[in-house]
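Report on the following structure.
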Amino acid sequence: MAVISRFAPGLVTLLNYKRQWFRSDFAAGLSVAAVALPVGIAYAELARVPPEIGIYAAIFPLFAYALFGSSRQLIVGPDAATCILVAASLMPLASGDPQRYLALVVLLTLITGLFHLIGGMLRLGFMASFLSQPILTGFLNGIALVIIAGQLEALFGYSGDAVEFFPKLLEFADGIDQAHLPTLILGLGLLALLVVIRYISPKLPSALMVVILGIVLVSVLNLESRDVIVLGFVPAGLPSLHLAIPTLNEFSSILTDGAAIALLSFISGVLTAKSFARRNRYDVDANQELIGFGASNIISGLAQGFPVTGADSRTAVNNAMGGKSQVVGLVAAAAMLLVLFFLTDPLASLPKAALSVVIIVSAIGLFDQKALIDLYATNRLELGISLVSMFGVLILGVLPGVGLAISLSLAWLLYVVSIPPDTVLGRIPGQKGWYSLKDNPEAHTIPGILVFQFNANLVFFNADRFKTRVLDAVAASDTPVEWVVLDASPVNYIDVTGINKIDELREELALRNIRVVMATVREHIGRYFDKTWAEKRKERFSSHRFPTINSAVKAFKESKKAETSLAG
């Protein structure tokens, strides 16, 4: 059972399922299906695939996640940002060939799933924290605006050719006077209804209600005859497998894009999983989530679907309806399967304006203005980074925006860790320990000795700053410095550059008759160095290392007494 729990935690839940949960799980599953089905069809539009592909992606991944996922509430399925990434990745490769495009979608989905699985086996779940929240917020806000701009054509009923965000806005300004009035009235009416339902009763399946009403209106008012565009024929039954054999250049591009989609979909999905797990007082395993997402995407690919991730809106429905376990996903999948087999005919009359309404409202929910307001109040620098990430998507495009988001994360990380805080430590009368002079004005130094603390690992990108800050502290000392004691307690790792910089500092200050010693050095600090070399260095500098700051200060005072005795 322990082995099963490790690789398939959902299966353990199913084997130990409590009968009293089923009533809640069944109701939650039907509610999730009512939201997931129209959303899957709508997001198929974003991914530029036929509606049945969106249905496949909404159904089959739920079976895989129920076995391999670690969250009891998370619902996997189509995601707006992921669908936009799929279209941006594959449209240039397919060159207008719809069959080629569909085959490449399957390949991209399988590769995305493999990246997830490999990440889970290598225990790369820590990458959930790779993109900072402001950068991820900016990226998703940019995606939301791109999605809304992309749906204006369907909502207003005019024709356009623009692909990028700002050209789409210019096209909208030019084409609005050519809007198709029946489409516009239908779309705006459904949009208002959807917003009102979501506001009055968030638990109601508002997307499904709007979709059904759209079908009824098209049928009753014969809107097709008035050139209102509808979804058209949706094939019933199970999909058949089609897989493309890519060229070398296509495969290279799909590998790169699959890695980007895997990273972003994992980060987005695991944040949703952790959020709802925290509300329900249990933990999720990020590494297991990678495996769960991997299995879900591979099943989606084999079922001719597109990449999926944790869906926050459908998970919120599950949580609000009191879902207790992964059985919710199984019930939802079964309900949607019944629709796929027996109720696809009415979908042919579904107006595309209704789908654009569902997509627009979902995109508005994706745009996080509250986070921008909070950043404005708390950290203007991170607000600027978030806005750069957002405008990067709008100006450069979706896939370059991924690269920009990752680059911004790396740049921000290097910026933060390359200028860590440091301080000179002193004593407070009547208190034990050592205290920062910056934070404690009553603290004072001991004449002749300077205790310096560098609050970071000492590595290649901050080693020069470390040396400069020590020399600055020596120069700023109120009394002549004879010993510099480096408090190494915050340093968990040091590389070759850091060691060389300490040696440079020691040699430079020795010319000024200042001795450099280290205190509270952690035993594992040099764990990646050759053991023989590390032992020899430890022996060589044993007289320069002390277990505590106090022992270093004691040694300094004893050396001063010895000098006084010799002088006497």
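As shown in the structure tokens, the chain order sets the letters A, B, ...; within each chain, residues go from 1, and ligands are also counted from 1 in the order they appear.
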
Residues near stretch 516-530 of chain A, cut-off 8 Å, only C-alpha atoms, skip fewer than 5 positions along chain, as a PDB file with N, CA and C atoms, in the first residue's frame:
```
ATOM      1  N   TRP A 483      41.530  43.279  14.125  1.00  0.00           N
ATOM      2  CA  TRP A 483      40.966  41.984  13.712  1.00  0.00           C
ATOM      3  C   TRP A 483      39.623  42.221  13.022  1.00  0.00           C
ATOM      4  N   VAL A 484      39.393  41.458  11.959  1.00  0.00           N
ATOM      5  CA  VAL A 484      38.062  41.378  11.343  1.00  0.00           C
ATOM      6  C   VAL A 484      37.536  39.969  11.575  1.00  0.00           C
ATOM      7  N   VAL A 485      36.434  39.866  12.256  1.00  0.00           N
ATOM      8  CA  VAL A 485      35.807  38.577  12.504  1.00  0.00           C
ATOM      9  C   VAL A 485      34.616  38.447  11.552  1.00  0.00           C
ATOM     10  N   LEU A 486      34.684  37.471  10.644  1.00  0.00           N
ATOM     11  CA  LEU A 486      33.595  37.228   9.706  1.00  0.00           C
ATOM     12  C   LEU A 486      32.632  36.218  10.318  1.00  0.00           C
ATOM     13  N   ASP A 487      31.428  36.689  10.645  1.00  0.00           N
ATOM     14  CA  ASP A 487      30.404  35.781  11.185  1.00  0.00           C
ATOM     15  C   ASP A 487      29.801  34.996  10.022  1.00  0.00           C
ATOM     16  N   ALA A 488      30.118  33.716   9.942  1.00  0.00           N
ATOM     17  CA  ALA A 488      29.695  32.884   8.809  1.00  0.00           C
ATOM     18  C   ALA A 488      28.407  32.118   9.080  1.00  0.00           C
ATOM     19  N   SER A 489      27.711  32.433  10.156  1.00  0.00           N
ATOM     20  CA  SER A 489      26.511  31.663  10.494  1.00  0.00           C
ATOM     21  C   SER A 489      25.422  31.728   9.416  1.00  0.00           C
ATOM     22  N   VAL A 491      25.954  31.780   6.225  1.00  0.00           N
ATOM     23  CA  VAL A 491      26.483  31.243   4.972  1.00  0.00           C
ATOM     24  C   VAL A 491      26.340  29.721   4.971  1.00  0.00           C
ATOM     25  N   ASN A 492      25.487  29.211   4.080  1.00  0.00           N
ATOM     26  CA  ASN A 492      25.284  27.767   3.972  1.00  0.00           C
ATOM     27  C   ASN A 492      26.074  27.145   2.834  1.00  0.00           C
ATOM     28  N   TYR A 493      26.566  27.967   1.935  1.00  0.00           N
ATOM     29  CA  TYR A 493      27.325  27.447   0.805  1.00  0.00           C
ATOM     30  C   TYR A 493      28.335  28.486   0.353  1.00  0.00           C
ATOM     31  N   ILE A 494      29.502  28.008  -0.045  1.00  0.00           N
ATOM     32  CA  ILE A 494      30.541  28.876  -0.590  1.00  0.00           C
ATOM     33  C   ILE A 494      31.153  28.174  -1.793  1.00  0.00           C
ATOM     34  N   ASP A 495      31.446  28.944  -2.839  1.00  0.00           N
ATOM     35  CA  ASP A 495      32.068  28.332  -4.016  1.00  0.00           C
ATOM     36  C   ASP A 495      33.531  28.764  -4.118  1.00  0.00           C
ATOM     37  N   LEU A 505      40.960  39.097   0.461  1.00  0.00           N
ATOM     38  CA  LEU A 505      40.685  40.016   1.562  1.00  0.00           C
ATOM     39  C   LEU A 505      41.700  39.833   2.676  1.00  0.00           C
ATOM     40  N   ARG A 506      42.007  38.561   2.986  1.00  0.00           N
ATOM     41  CA  ARG A 506      42.978  38.279   4.040  1.00  0.00           C
ATOM     42  C   ARG A 506      44.350  38.851   3.694  1.00  0.00           C
ATOM     43  N   LEU A 509      44.269  42.881   3.691  1.00  0.00           N
ATOM     44  CA  LEU A 509      44.238  43.477   5.022  1.00  0.00           C
ATOM     45  C   LEU A 509      45.495  43.144   5.825  1.00  0.00           C
ATOM     46  N   ALA A 510      46.139  42.018   5.510  1.00  0.00           N
ATOM     47  CA  ALA A 510      47.391  41.674   6.201  1.00  0.00           C
ATOM     48  C   ALA A 510      48.461  42.728   5.937  1.00  0.00           C
ATOM     49  N   HIS A 544      42.680  30.488  12.143  1.00  0.00           N
ATOM     50  CA  HIS A 544      41.839  31.598  11.699  1.00  0.00           C
ATOM     51  C   HIS A 544      40.348  31.280  11.827  1.00  0.00           C
ATOM     52  N   ARG A 545      40.020  30.136  12.441  1.00  0.00           N
ATOM     53  CA  ARG A 545      38.618  29.728  12.572  1.00  0.00           C
ATOM     54  C   ARG A 545      38.266  29.532  14.043  1.00  0.00           C
ATOM     55  N   PHE A 546      37.091  30.015  14.416  1.00  0.00           N
ATOM     56  CA  PHE A 546      36.643  29.909  15.803  1.00  0.00           C
ATOM     57  C   PHE A 546      35.197  29.420  15.814  1.00  0.00           C
ATOM     58  N   PRO A 547      34.839  28.655  16.829  1.00  0.00           N
ATOM     59  CA  PRO A 547      33.481  28.097  16.867  1.00  0.00           C
ATOM     60  C   PRO A 547      32.405  29.146  17.082  1.00  0.00           C
ATOM     61  N   THR A 548      32.740  30.237  17.783  1.00  0.00           N
ATOM     62  CA  THR A 548      31.756  31.281  18.045  1.00  0.00           C
ATOM     63  C   THR A 548      32.413  32.643  17.923  1.00  0.00           C
ATOM     64  N   ILE A 549      31.588  33.671  17.856  1.00  0.00           N
ATOM     65  CA  ILE A 549      32.118  35.038  17.838  1.00  0.00           C
ATOM     66  C   ILE A 549      32.810  35.335  19.165  1.00  0.00           C
ATOM     67  N   ALA A 552      36.269  34.037  19.304  1.00  0.00           N
ATOM     68  CA  ALA A 552      37.168  34.849  18.484  1.00  0.00           C
ATOM     69  C   ALA A 552      37.554  36.122  19.220  1.00  0.00           C
TER      70      ALA A 552
END
```

So which residues of stretch 425-466 of chain A fall under helix (DSSP H, G or I) by DSSP, listed as a list in words?
Ala463, Asp464, Arg465 and Phe466 of chain A

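Here the question is which of A:Leu217, A:Leu347, A:Ala354, A:Val105 gets nearest to A:Phe156 using only C-alpha atoms, and that residue is A:Ala354.
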
Polymer residues at most 8 Å from A:Met121, only C-alpha atoms, same-chain spacing of 4 or more positions, as a PDB file with N, CA and C atoms, in the first residue's frame:
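Output file around_33.pdb is given in full below:
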```
ATOM      1  N   LEU A 117       6.193  14.359 -16.347  1.00  0.00           N
ATOM      2  CA  LEU A 117       6.591  13.093 -15.721  1.00  0.00           C
ATOM      3  C   LEU A 117       8.062  13.081 -15.355  1.00  0.00           C
ATOM      4  N   ASN A 287       5.896  17.332  -6.269  1.00  0.00           N
ATOM      5  CA  ASN A 287       6.484  16.333  -7.166  1.00  0.00           C
ATOM      6  C   ASN A 287       5.416  15.361  -7.674  1.00  0.00           C
ATOM      7  N   ILE A 291       3.700  14.455 -11.587  1.00  0.00           N
ATOM      8  CA  ILE A 291       3.341  13.142 -12.135  1.00  0.00           C
ATOM      9  C   ILE A 291       1.861  13.114 -12.518  1.00  0.00           C
TER      10      ILE A 291
END
```
